[in-house]
$ cat protein23.cif   # mmCIF, C-alpha atoms
data_model
#
loop_
_atom_site.label_atom_id
_atom_site.label_comp_id
_atom_site.auth_asym_id
_atom_site.auth_seq_id
_atom_site.Cartn_x
_atom_site.Cartn_y
_atom_site.Cartn_z
CA MET A 1 32.66 -13.09 11.23
CA SER A 2 32.73 -16.78 12.05
CA SER A 3 33.77 -15.93 15.62
CA PRO A 4 31.79 -13.60 17.87
CA SER A 5 32.65 -9.89 17.67
CA THR A 6 33.62 -7.79 20.63
CA HIS A 7 30.72 -5.44 19.95
CA GLU A 8 26.96 -5.81 19.70
CA PHE A 9 24.76 -4.83 16.77
CA PRO A 10 21.01 -5.11 16.10
CA VAL A 11 19.86 -8.56 15.00
CA PRO A 12 18.89 -8.83 11.33
CA VAL A 13 15.17 -9.24 10.77
CA GLY A 14 14.72 -12.79 9.49
CA GLY A 15 18.15 -13.79 10.79
CA ALA A 16 21.07 -14.97 8.68
CA PRO A 17 20.19 -17.50 5.96
CA PHE A 18 20.80 -21.09 7.12
CA ASP A 19 19.87 -24.46 5.63
CA ILE A 20 16.38 -24.15 7.12
CA ASP A 21 15.80 -21.00 5.02
CA PHE A 22 16.36 -22.70 1.67
CA VAL A 23 12.87 -24.13 1.03
CA PRO A 24 10.79 -21.16 2.26
CA SER A 25 13.09 -18.73 0.40
CA ILE A 26 12.65 -20.67 -2.84
CA LEU A 27 8.90 -20.78 -2.19
CA PHE A 28 8.60 -17.01 -1.82
CA ALA A 29 10.87 -16.39 -4.81
CA VAL A 30 8.50 -18.53 -6.88
CA LEU A 31 5.41 -16.84 -5.42
CA TYR A 32 6.75 -13.40 -6.30
CA GLY A 33 7.72 -14.78 -9.69
CA LEU A 34 4.07 -15.66 -10.28
CA LEU A 35 3.06 -12.06 -9.49
CA ALA A 36 5.68 -10.43 -11.72
CA PRO A 37 3.82 -11.13 -15.02
CA VAL A 38 0.63 -9.73 -13.49
CA ALA A 39 2.44 -6.53 -12.48
CA LEU A 40 3.96 -6.17 -15.94
CA TYR A 41 0.59 -6.84 -17.57
CA ARG A 42 -1.10 -4.11 -15.51
CA LEU A 43 1.61 -1.62 -16.50
CA SER A 44 1.65 -2.56 -20.18
CA ARG A 45 -2.12 -2.41 -20.72
CA ARG A 46 -3.28 1.15 -21.39
CA ARG A 47 -6.64 0.83 -19.67
CA SER A 48 -5.19 -0.60 -16.46
CA ARG A 49 -1.89 1.31 -16.37
CA THR A 50 -1.37 3.46 -13.30
CA LEU A 51 1.91 4.62 -11.82
CA VAL A 52 0.35 4.59 -8.36
CA LEU A 53 1.46 0.96 -8.03
CA ILE A 54 4.85 1.34 -9.72
CA GLY A 55 6.71 0.86 -6.42
CA THR A 56 4.80 -2.32 -5.60
CA SER A 57 5.48 -3.63 -9.11
CA ILE A 58 9.21 -2.94 -8.84
CA MET A 59 9.28 -4.42 -5.33
CA THR A 60 7.67 -7.60 -6.66
CA ILE A 61 10.59 -8.14 -9.03
CA GLU A 62 13.15 -7.04 -6.44
CA HIS A 63 11.82 -9.55 -3.90
CA ILE A 64 12.42 -12.36 -6.38
CA VAL A 65 16.09 -11.39 -6.30
CA ALA A 66 16.13 -10.95 -2.51
CA PHE A 67 14.64 -14.36 -1.75
CA TYR A 68 16.84 -15.99 -4.40
CA LEU A 69 19.93 -14.54 -2.72
CA ARG A 70 18.61 -15.71 0.62
CA ALA A 71 18.13 -19.24 -0.74
CA ASN A 72 21.54 -19.16 -2.44
CA SER A 73 23.21 -18.19 0.84
CA ALA A 74 21.44 -20.88 2.84
CA HIS A 75 24.05 -23.51 1.94
CA LYS A 76 27.08 -21.22 1.66
CA ALA A 77 29.03 -19.97 4.65
CA GLY A 78 30.64 -17.04 2.83
CA PRO A 79 27.47 -15.21 1.68
CA ARG A 80 25.76 -16.14 4.95
CA GLU A 81 28.30 -14.06 6.86
CA SER A 82 28.37 -11.18 4.36
CA ALA A 83 27.62 -7.83 5.99
CA ALA A 84 26.89 -6.33 2.56
CA LEU A 85 24.32 -9.02 1.77
CA GLN A 86 22.63 -8.55 5.14
CA ALA A 87 22.50 -4.78 4.60
CA TYR A 88 20.75 -5.35 1.26
CA LEU A 89 18.29 -7.89 2.67
CA GLN A 90 17.43 -5.56 5.56
CA THR A 91 16.81 -2.74 3.08
CA SER A 92 14.51 -4.98 1.05
CA LEU A 93 12.56 -6.18 4.08
CA GLY A 94 12.43 -2.81 5.79
CA GLY A 95 11.29 -0.77 2.81
CA GLY A 96 9.04 -3.22 0.99
CA PHE A 97 6.02 -3.26 3.29
CA ILE A 98 6.13 0.53 3.76
CA THR A 99 6.13 1.04 -0.02
CA ILE A 100 3.07 -1.20 -0.36
CA GLY A 101 1.32 0.71 2.42
CA GLN A 102 2.10 4.06 0.81
CA GLU A 103 0.62 2.97 -2.51
CA ALA A 104 -2.45 1.40 -0.91
CA THR A 105 -2.96 4.77 0.78
CA ALA A 106 -2.72 6.51 -2.59
CA LEU A 107 -5.43 4.20 -3.95
CA LEU A 108 -7.69 5.00 -1.00
CA ARG A 109 -7.10 8.71 -1.59
CA ALA A 110 -8.18 8.35 -5.23
CA LEU A 111 -11.29 6.44 -4.15
CA LEU A 112 -12.31 9.04 -1.57
CA VAL A 113 -11.58 11.97 -3.87
CA SER A 114 -13.63 10.45 -6.69
CA ALA A 115 -16.60 10.26 -4.32
CA THR A 116 -16.59 14.05 -3.97
CA PHE A 117 -17.22 14.77 -7.64
CA VAL A 118 -20.69 15.40 -9.05
CA ALA A 119 -20.64 12.45 -11.39
CA PRO A 120 -19.39 9.11 -10.11
CA SER A 121 -17.17 7.11 -12.42
CA GLY A 122 -19.25 5.44 -15.06
CA GLY A 123 -22.35 7.46 -14.16
CA ARG A 124 -24.28 9.53 -16.70
CA GLU A 125 -24.87 13.07 -15.64
CA VAL A 126 -27.94 15.07 -16.61
CA SER A 127 -27.87 18.80 -16.08
CA PRO A 128 -30.40 20.34 -13.70
CA GLY A 129 -32.21 21.90 -16.64
CA GLY A 130 -32.24 18.66 -18.64
CA SER A 131 -35.45 17.69 -20.37
CA THR A 132 -37.93 15.14 -19.13
CA VAL A 133 -37.41 13.21 -22.36
CA ALA A 134 -33.68 12.87 -21.72
CA LEU A 135 -34.24 11.69 -18.16
CA ARG A 136 -36.87 9.16 -19.20
CA ALA A 137 -34.62 7.94 -21.99
CA MET A 138 -32.04 7.09 -19.33
CA GLY A 139 -34.57 4.99 -17.49
CA VAL A 140 -35.31 7.39 -14.63
CA GLN A 141 -38.92 6.88 -13.57
CA GLY A 142 -41.38 9.41 -12.20
CA VAL A 143 -39.59 12.47 -13.55
CA THR A 144 -41.27 15.83 -13.96
CA ASP A 145 -40.08 18.52 -16.31
CA THR A 146 -37.46 20.46 -14.31
CA SER A 147 -37.25 23.14 -17.00
CA ILE A 148 -40.68 24.51 -15.96
CA ASP A 149 -40.54 27.67 -13.91
CA PRO A 150 -42.51 27.13 -10.64
CA GLU A 151 -43.83 30.69 -10.90
CA ASP A 152 -45.52 29.85 -14.23
CA ASP A 153 -46.83 26.53 -12.99
CA PRO A 154 -47.34 26.36 -9.18
CA GLY A 155 -47.96 22.61 -9.39
CA ALA A 156 -44.61 21.84 -11.01
CA LYS A 157 -41.59 20.66 -9.02
CA PRO A 158 -38.84 23.29 -8.71
CA ALA A 159 -35.52 22.76 -10.47
CA PRO A 160 -32.71 21.52 -8.23
CA PRO A 161 -30.04 23.90 -6.91
CA PRO A 162 -27.18 24.75 -9.35
CA LEU A 163 -24.67 22.38 -7.71
CA LEU A 164 -26.98 19.38 -7.84
CA SER A 165 -27.40 16.96 -10.72
CA ARG A 166 -29.59 13.94 -11.39
CA PHE A 167 -28.07 10.58 -12.28
CA ALA A 168 -29.46 7.50 -13.94
CA LEU A 169 -28.17 5.53 -10.96
CA GLY A 170 -30.45 7.50 -8.66
CA GLY A 171 -30.54 10.42 -6.26
CA TRP A 172 -29.50 14.04 -6.23
CA GLN A 173 -25.72 14.36 -5.79
CA GLU A 174 -23.70 17.39 -4.71
CA ASP A 175 -20.17 18.33 -5.67
CA GLN A 176 -17.93 18.56 -2.58
CA PRO A 177 -14.85 20.66 -3.40
CA ARG A 178 -14.07 21.48 0.23
CA ARG A 179 -14.09 17.83 1.30
CA ARG A 180 -11.98 16.99 -1.74
CA LEU A 181 -9.45 19.64 -0.71
CA TRP A 182 -9.15 18.27 2.84
CA ILE A 183 -8.85 14.68 1.65
CA ARG A 184 -5.95 15.70 -0.57
CA ARG A 185 -4.30 17.65 2.23
CA VAL A 186 -4.57 14.84 4.77
CA PHE A 187 -3.44 12.14 2.38
CA GLY A 188 -0.69 14.40 1.05
CA THR A 189 0.62 14.66 4.59
CA ALA A 190 0.42 10.88 4.95
CA PHE A 191 2.40 10.51 1.71
CA VAL A 192 5.20 12.68 3.13
CA LEU A 193 5.23 10.70 6.39
CA PHE A 194 5.46 7.43 4.47
CA LEU A 195 8.44 8.88 2.56
CA ILE A 196 10.09 9.74 5.88
CA ALA A 197 9.59 6.16 7.10
CA ILE A 198 11.12 4.80 3.88
CA THR A 199 14.03 7.26 4.08
CA LEU A 200 14.78 6.22 7.65
CA GLY A 201 14.90 2.62 6.47
CA ILE A 202 17.40 3.52 3.74
CA VAL A 203 19.62 5.37 6.21
CA VAL A 204 19.54 2.30 8.46
CA SER A 205 20.67 0.05 5.62
CA VAL A 206 23.62 2.30 4.85
CA ASP A 207 24.81 2.17 8.47
CA TYR A 208 23.87 -1.46 9.17
CA LYS A 209 26.88 -2.87 7.34
CA GLN A 210 29.24 -0.79 9.48
CA ALA A 211 27.30 -1.70 12.61
CA ILE A 212 27.97 -5.38 11.87
CA ARG A 213 31.66 -4.91 11.04
CA THR A 214 32.78 -2.36 13.62
CA GLY A 215 29.81 -1.58 15.84
CA ALA A 216 29.79 2.01 14.56
CA HIS A 217 26.40 3.71 14.92
CA ALA A 218 24.88 0.49 16.28
CA SER A 219 22.63 2.39 18.69
CA LEU A 220 21.65 4.85 15.96
CA VAL A 221 20.73 1.97 13.65
CA GLN A 222 18.55 0.50 16.39
CA GLN A 223 16.80 3.82 17.04
CA LEU A 224 16.18 4.56 13.36
CA ARG A 225 14.83 1.05 12.76
CA TYR A 226 12.35 1.57 15.55
CA ALA A 227 11.42 5.05 14.31
CA SER A 228 10.77 3.75 10.78
CA ALA A 229 8.70 0.76 11.92
CA ALA A 230 6.76 2.75 14.54
CA LEU A 231 5.88 5.52 12.07
CA ALA A 232 4.78 2.93 9.51
CA TYR A 233 2.71 1.11 12.13
CA LEU A 234 0.93 4.34 13.12
CA LEU A 235 0.26 5.37 9.52
CA LEU A 236 -1.07 1.95 8.57
CA HIS A 237 -3.46 2.04 11.54
CA VAL A 238 -4.76 5.45 10.47
CA VAL A 239 -5.24 4.35 6.87
CA THR A 240 -7.03 1.18 8.03
CA LEU A 241 -9.48 3.28 10.06
CA ALA A 242 -9.95 5.69 7.14
CA ALA A 243 -10.75 2.79 4.81
CA LEU A 244 -13.24 1.40 7.33
CA TYR A 245 -14.89 4.80 7.75
CA GLY A 246 -15.12 5.26 3.98
CA ALA A 247 -16.63 1.81 3.48
CA LEU A 248 -19.25 2.13 6.23
CA CYS A 249 -20.01 5.84 6.59
CA ILE A 250 -19.67 7.47 3.15
CA PRO A 251 -22.49 6.29 0.86
CA ARG A 252 -20.75 7.35 -2.34
CA VAL A 253 -17.61 5.26 -1.64
CA PRO A 254 -17.74 1.76 -3.18
CA ARG A 255 -17.46 -0.68 -0.29
CA GLY A 256 -15.47 -3.39 -2.08
CA PRO A 257 -12.36 -1.34 -2.98
CA ALA A 258 -12.34 0.38 0.42
CA LEU A 259 -12.45 -2.98 2.21
CA LEU A 260 -9.65 -4.23 -0.05
CA VAL A 261 -7.43 -1.38 1.18
CA LEU A 262 -8.49 -2.21 4.74
CA VAL A 263 -7.38 -5.84 4.35
CA VAL A 264 -4.08 -4.83 2.73
CA THR A 265 -3.18 -2.30 5.43
CA SER A 266 -4.24 -4.73 8.15
CA LEU A 267 -1.84 -7.32 6.75
CA LEU A 268 0.95 -4.76 6.64
CA THR A 269 0.19 -3.72 10.22
CA VAL A 270 1.02 -7.31 11.25
CA VAL A 271 4.41 -6.92 9.55
CA ALA A 272 5.13 -3.61 11.29
CA LEU A 273 4.08 -4.99 14.68
CA TYR A 274 6.25 -8.08 14.23
CA ARG A 275 9.25 -5.88 13.49
CA LEU A 276 8.62 -3.70 16.53
CA ILE A 277 8.49 -6.77 18.77
CA ILE A 278 11.68 -8.50 17.63
CA MET A 279 14.00 -5.59 16.80
CA HIS A 280 15.04 -4.86 20.39
CA HIS A 281 17.41 -7.86 20.36
CA SER A 282 21.14 -7.44 19.77
CA THR A 283 23.84 -9.97 18.95
CA THR A 284 27.60 -10.24 18.58
CA SER A 285 27.51 -12.61 15.60
CA LEU A 286 25.33 -13.17 12.55
CA LEU A 287 25.70 -16.91 13.19
CA SER A 288 24.55 -16.82 16.81
CA MET A 289 21.90 -19.41 17.68
CA VAL A 290 20.86 -18.03 21.06
CA PRO A 291 17.19 -17.08 21.57
CA GLY A 292 16.54 -13.63 20.15
CA SER A 293 19.17 -13.98 17.42
CA GLN A 294 16.37 -14.69 14.88
CA ASN A 295 18.30 -17.80 13.81
CA THR A 296 16.43 -20.49 15.76
CA SER A 297 13.92 -22.63 13.88
CA GLY A 298 10.99 -21.15 15.79
CA GLU A 299 12.09 -17.58 15.08
CA LYS A 300 12.55 -18.42 11.41
CA ALA A 301 9.01 -19.84 11.22
CA VAL A 302 7.57 -16.73 12.85
CA PHE A 303 9.45 -14.53 10.36
CA TYR A 304 8.00 -16.29 7.33
CA ILE A 305 4.49 -16.41 8.83
CA LEU A 306 4.27 -12.86 10.18
CA HIS A 307 6.53 -10.95 7.81
CA ALA A 308 7.05 -12.65 4.47
CA ALA A 309 3.54 -14.14 4.07
CA PRO A 310 1.44 -11.03 4.94
CA GLU A 311 3.64 -8.89 2.69
CA TRP A 312 3.17 -11.26 -0.25
CA LEU A 313 -0.58 -11.46 0.34
CA ALA A 314 -0.81 -7.66 0.36
CA VAL A 315 0.99 -7.45 -2.99
CA ALA A 316 -1.15 -10.24 -4.46
CA LEU A 317 -4.37 -8.47 -3.42
CA LEU A 318 -3.34 -5.14 -4.94
CA LEU A 319 -2.25 -6.72 -8.21
CA SER A 320 -5.28 -9.00 -8.43
CA VAL A 321 -7.60 -6.10 -9.35
CA ASP A 322 -7.56 -3.44 -12.04
CA ALA A 323 -6.62 -0.60 -9.69
CA ARG A 324 -7.32 2.10 -12.27
CA SER A 325 -10.90 0.95 -12.72
CA LYS A 326 -11.67 -0.13 -9.15
CA PHE A 327 -10.23 2.92 -7.42
CA LYS A 328 -11.10 5.47 -10.13
CA THR A 329 -7.52 6.60 -10.37
CA GLY A 330 -5.75 8.09 -13.35
CA LEU A 331 -2.23 7.43 -14.54
CA LEU A 332 -0.68 9.47 -11.73
CA GLY A 333 -3.35 9.29 -9.03
CA ASP A 334 -6.60 10.96 -8.10
CA ARG A 335 -6.17 14.00 -10.34
CA ASN A 336 -7.85 12.15 -13.21
CA SER A 337 -10.54 10.57 -11.04
CA SER A 338 -13.32 12.64 -12.56
CA LYS A 339 -12.44 11.49 -16.07
CA PRO A 340 -12.55 7.70 -16.09
CA MET A 341 -11.39 5.72 -19.07
CA PRO A 342 -14.22 4.62 -21.37
CA GLU A 343 -15.24 1.02 -21.19
CA PRO A 344 -13.73 -1.17 -23.94
#

$ encode --input "protein23.cif" --output "structure tokens"
Amino acid sequence: MSSPSTHEFPVPVGGAPFDIDFVPSILFAVLYGLLAPVALYRLSRRRSRTLVLIGTSIMTIEHIVAFYLRANSAHKAGPRESAALQAYLQTSLGGGFITIGQEATALLRALLVSATFVAPSGGREVSPGGSTVALRAMGVQGVTDTSIDPEDDPGAKPAPPPLLSRFALGGWQEDQPRRRLWIRRVFGTAFVLFLIAITLGIVVSVDYKQAIRTGAHASLVQQLRYASAALAYLLLHVVTLAALYGALCIPRVPRGPALLVLVVTSLLTVVALYRLIIMHHSTTSLLSMVPGSQNTSGEKAVFYILHAAPEWLAVALLLSVDARSKFKTGLLGDRNSSKPMPEP
């Protein structure tokens, strides 16, 4: 592959690894290495363990390998020209940010679903017929005896409707099973669409090696890359808007976790947009240095700033918090949201 091919193929995102890639590749390998113990700690600790972030945790370790291989190839002509290595690196880069987005979406789903239950996580529920003594013991002020029948005592306050309950944290709250159902349906659909985007990326990686070597399916690879990135970009925008709506317009939704999802998906949207902008270029050689080949120093800098850095920041933000506690998720997702783990 040292000489130009007679066919064109899509340029690799990030370009081929050259000497200029050595330092930033080592840097990101180290940065992901710093996150790996955090990911393992979250998974090993019973109270913080949730499989919602298992893909992000695995990707954290995988990216250590990917950036190490990129750094190792920076000074070696053989690996630099390897079609197999490029196919692997493109798989890693193309699937990583979508996986993070899918799992951030799952966390938002758990957060929104938990807000539809009668009792918020950590809240103490008192039944509608609960005694005045019990309510006062919880610190609720100005409570009348809701067990009194208004017909026996016209001056007494009526008991709340059956679906309403009083909480020590204030206010009458209503269970919302219909909203919960629609949240699960919408986010379930988003989950399937994210899987489609990831699958398209895997198909691309399988064909990319042949596209480099023989030009076979080069146009198909280009189309599928665009389809995967465009679908991810659209989904990330929708999830960002959903997180913003939840944070600002749904009183029961904790603002902090919702805004965290918003920041994460916004970072990933930058990655998706960057890919959509640069993927239209084609080349006849992995070693080409013409503009658009993704091998010039400026293009390399843009790759690390707009792809590698936002992706790492998104992972760091998700792993920096106890997702099970913050997003009220169970081991497998929102199905355990109504039964939070007891505080240690």

$ residues_around --input "protein23.cif" --residues "Gln222 in chain A" --least-positions-apart "3" --cutoff "8 Å" --atoms "all atoms listed in the file" --output "list in words"
Pro10, Ala218, Ser219, Arg225, Tyr226, Met279 and His280 of chain A

$ residues_near_point --input "protein23.cif" --point "(10.1, -20.6, -3.4)" --cutoff "12 Å" --atoms "only C-alpha atoms" --output "PDB file with C-alpha atoms, in the frame of the given file"
ATOM      1  CA  ASP A  21      15.800 -21.000   5.020  1.00  0.00           C
ATOM      2  CA  PHE A  22      16.360 -22.700   1.670  1.00  0.00           C
ATOM      3  CA  VAL A  23      12.870 -24.130   1.030  1.00  0.00           C
ATOM      4  CA  PRO A  24      10.790 -21.160   2.260  1.00  0.00           C
ATOM      5  CA  SER A  25      13.090 -18.730   0.400  1.00  0.00           C
ATOM      6  CA  ILE A  26      12.650 -20.670  -2.840  1.00  0.00           C
ATOM      7  CA  LEU A  27       8.900 -20.780  -2.190  1.00  0.00           C
ATOM      8  CA  PHE A  28       8.600 -17.010  -1.820  1.00  0.00           C
ATOM      9  CA  ALA A  29      10.870 -16.390  -4.810  1.00  0.00           C
ATOM     10  CA  VAL A  30       8.500 -18.530  -6.880  1.00  0.00           C
ATOM     11  CA  LEU A  31       5.410 -16.840  -5.420  1.00  0.00           C
ATOM     12  CA  TYR A  32       6.750 -13.400  -6.300  1.00  0.00           C
ATOM     13  CA  GLY A  33       7.720 -14.780  -9.690  1.00  0.00           C
ATOM     14  CA  LEU A  34       4.070 -15.660 -10.280  1.00  0.00           C
ATOM     15  CA  HIS A  63      11.820  -9.550  -3.900  1.00  0.00           C
ATOM     16  CA  ILE A  64      12.420 -12.360  -6.380  1.00  0.00           C
ATOM     17  CA  VAL A  65      16.090 -11.390  -6.300  1.00  0.00           C
ATOM     18  CA  ALA A  66      16.130 -10.950  -2.510  1.00  0.00           C
ATOM     19  CA  PHE A  67      14.640 -14.360  -1.750  1.00  0.00           C
ATOM     20  CA  TYR A  68      16.840 -15.990  -4.400  1.00  0.00           C
ATOM     21  CA  LEU A  69      19.930 -14.540  -2.720  1.00  0.00           C
ATOM     22  CA  ARG A  70      18.610 -15.710   0.620  1.00  0.00           C
ATOM     23  CA  ALA A  71      18.130 -19.240  -0.740  1.00  0.00           C
ATOM     24  CA  ASN A  72      21.540 -19.160  -2.440  1.00  0.00           C
ATOM     25  CA  TYR A 304       8.000 -16.290   7.330  1.00  0.00           C
ATOM     26  CA  ALA A 308       7.050 -12.650   4.470  1.00  0.00           C
ATOM     27  CA  ALA A 309       3.540 -14.140   4.070  1.00  0.00           C
TER      28      ALA A 309
END

$ atom_distance --input "protein23.cif" --atom1 "CA of Arg179 in chain A" --atom2 "CA of Phe191 in chain A"
18.0 Å

$ resolve_selection --input "protein23.cif" --expression "the PyMOL selection byres ((chain A and resi 181-187) around 8)" --output "number ranges by chain"
A: 105-106, 109, 112-113, 177-180, 188-191

$ resolve_selection --input "protein23.cif" --expression "the PyMOL selection byres ((chain A and resi 260) around 12)" --output "PyMOL selection string"
chain A and resi 104-105+107-108+111+239-240+243-244+246-247+254-259+261-267+313-321+323+326-327

$ write_last_selection --input "protein23.cif" --atoms "C-alpha atoms" --output "PDB file, in the coordinates of the input"
ATOM      1  CA  ALA A 104      -2.450   1.400  -0.910  1.00  0.00           C
ATOM      2  CA  THR A 105      -2.960   4.770   0.780  1.00  0.00           C
ATOM      3  CA  LEU A 107      -5.430   4.200  -3.950  1.00  0.00           C
ATOM      4  CA  LEU A 108      -7.690   5.000  -1.000  1.00  0.00           C
ATOM      5  CA  LEU A 111     -11.290   6.440  -4.150  1.00  0.00           C
ATOM      6  CA  VAL A 239      -5.240   4.350   6.870  1.00  0.00           C
ATOM      7  CA  THR A 240      -7.030   1.180   8.030  1.00  0.00           C
ATOM      8  CA  ALA A 243     -10.750   2.790   4.810  1.00  0.00           C
ATOM      9  CA  LEU A 244     -13.240   1.400   7.330  1.00  0.00           C
ATOM     10  CA  GLY A 246     -15.120   5.260   3.980  1.00  0.00           C
ATOM     11  CA  ALA A 247     -16.630   1.810   3.480  1.00  0.00           C
ATOM     12  CA  PRO A 254     -17.740   1.760  -3.180  1.00  0.00           C
ATOM     13  CA  ARG A 255     -17.460  -0.680  -0.290  1.00  0.00           C
ATOM     14  CA  GLY A 256     -15.470  -3.390  -2.080  1.00  0.00           C
ATOM     15  CA  PRO A 257     -12.360  -1.340  -2.980  1.00  0.00           C
ATOM     16  CA  ALA A 258     -12.340   0.380   0.420  1.00  0.00           C
ATOM     17  CA  LEU A 259     -12.450  -2.980   2.210  1.00  0.00           C
ATOM     18  CA  VAL A 261      -7.430  -1.380   1.180  1.00  0.00           C
ATOM     19  CA  LEU A 262      -8.490  -2.210   4.740  1.00  0.00           C
ATOM     20  CA  VAL A 263      -7.380  -5.840   4.350  1.00  0.00           C
ATOM     21  CA  VAL A 264      -4.080  -4.830   2.730  1.00  0.00           C
ATOM     22  CA  THR A 265      -3.180  -2.300   5.430  1.00  0.00           C
ATOM     23  CA  SER A 266      -4.240  -4.730   8.150  1.00  0.00           C
ATOM     24  CA  LEU A 267      -1.840  -7.320   6.750  1.00  0.00           C
ATOM     25  CA  LEU A 313      -0.580 -11.460   0.340  1.00  0.00           C
ATOM     26  CA  ALA A 314      -0.810  -7.660   0.360  1.00  0.00           C
ATOM     27  CA  VAL A 315       0.990  -7.450  -2.990  1.00  0.00           C
ATOM     28  CA  ALA A 316      -1.150 -10.240  -4.460  1.00  0.00           C
ATOM     29  CA  LEU A 317      -4.370  -8.470  -3.420  1.00  0.00           C
ATOM     30  CA  LEU A 318      -3.340  -5.140  -4.940  1.00  0.00           C
ATOM     31  CA  LEU A 319      -2.250  -6.720  -8.210  1.00  0.00           C
ATOM     32  CA  SER A 320      -5.280  -9.000  -8.430  1.00  0.00           C
ATOM     33  CA  VAL A 321      -7.600  -6.100  -9.350  1.00  0.00           C
ATOM     34  CA  ALA A 323      -6.620  -0.600  -9.690  1.00  0.00           C
ATOM     35  CA  LYS A 326     -11.670  -0.130  -9.150  1.00  0.00           C
ATOM     36  CA  PHE A 327     -10.230   2.920  -7.420  1.00  0.00           C
TER      37      PHE A 327
END

$ atom_distance --input "protein23.cif" --atom1 "CA of Glu299 in chain A" --atom2 "CA of Leu273 in chain A"
14.9 Å

$ atom_distance --input "protein23.cif" --atom1 "CA of Ile250 in chain A" --atom2 "CA of Ser114 in chain A"
11.9 Å

$ residues_around --input "protein23.cif" --residues "Asp207 in chain A" --least-positions-apart "6" --cutoff "10 Å" --atoms "all atoms listed in the file" --output "list of chain:residue names"
A:Ala87, A:Gly215, A:Ala216, A:His217, A:Ala218, A:Leu220, A:Val221

$ closest_residue --input "protein23.cif" --among "A:Val238, A:Ala16, A:Val206, A:Ile212" --to "Gln102 in chain A" --atoms "only C-alpha atoms"
A:Val238

$ closest_residue --input "protein23.cif" --among "A:Thr99, A:Ser205, A:Thr199, A:Gln210" --to "Leu236 in chain A" --atoms "only C-alpha atoms"
A:Thr99

$ resolve_selection --input "protein23.cif" --expression "the PyMOL selection byres ((chain A and resi 95) around 9)" --output "VMD selection string"
chain A and resid 90 to 94 96 to 100 197 to 199 201 to 202

$ write_last_selection --input "protein23.cif" --atoms "C-alpha atoms" --output "PDB file, in the coordinates of the input"
ATOM      1  CA  GLN A  90      17.430  -5.560   5.560  1.00  0.00           C
ATOM      2  CA  THR A  91      16.810  -2.740   3.080  1.00  0.00           C
ATOM      3  CA  SER A  92      14.510  -4.980   1.050  1.00  0.00           C
ATOM      4  CA  LEU A  93      12.560  -6.180   4.080  1.00  0.00           C
ATOM      5  CA  GLY A  94      12.430  -2.810   5.790  1.00  0.00           C
ATOM      6  CA  GLY A  96       9.040  -3.220   0.990  1.00  0.00           C
ATOM      7  CA  PHE A  97       6.020  -3.260   3.290  1.00  0.00           C
ATOM      8  CA  ILE A  98       6.130   0.530   3.760  1.00  0.00           C
ATOM      9  CA  THR A  99       6.130   1.040  -0.020  1.00  0.00           C
ATOM     10  CA  ILE A 100       3.070  -1.200  -0.360  1.00  0.00           C
ATOM     11  CA  ALA A 197       9.590   6.160   7.100  1.00  0.00           C
ATOM     12  CA  ILE A 198      11.120   4.800   3.880  1.00  0.00           C
ATOM     13  CA  THR A 199      14.030   7.260   4.080  1.00  0.00           C
ATOM     14  CA  GLY A 201      14.900   2.620   6.470  1.00  0.00           C
ATOM     15  CA  ILE A 202      17.400   3.520   3.740  1.00  0.00           C
TER      16      ILE A 202
END

$ residues_around --input "protein23.cif" --residues "Val271 in chain A" --least-positions-apart "5" --cutoff "8 Å" --atoms "all atoms listed in the file" --output "MDAnalysis selection string"
chainID A and resid 97 306:307 310:311
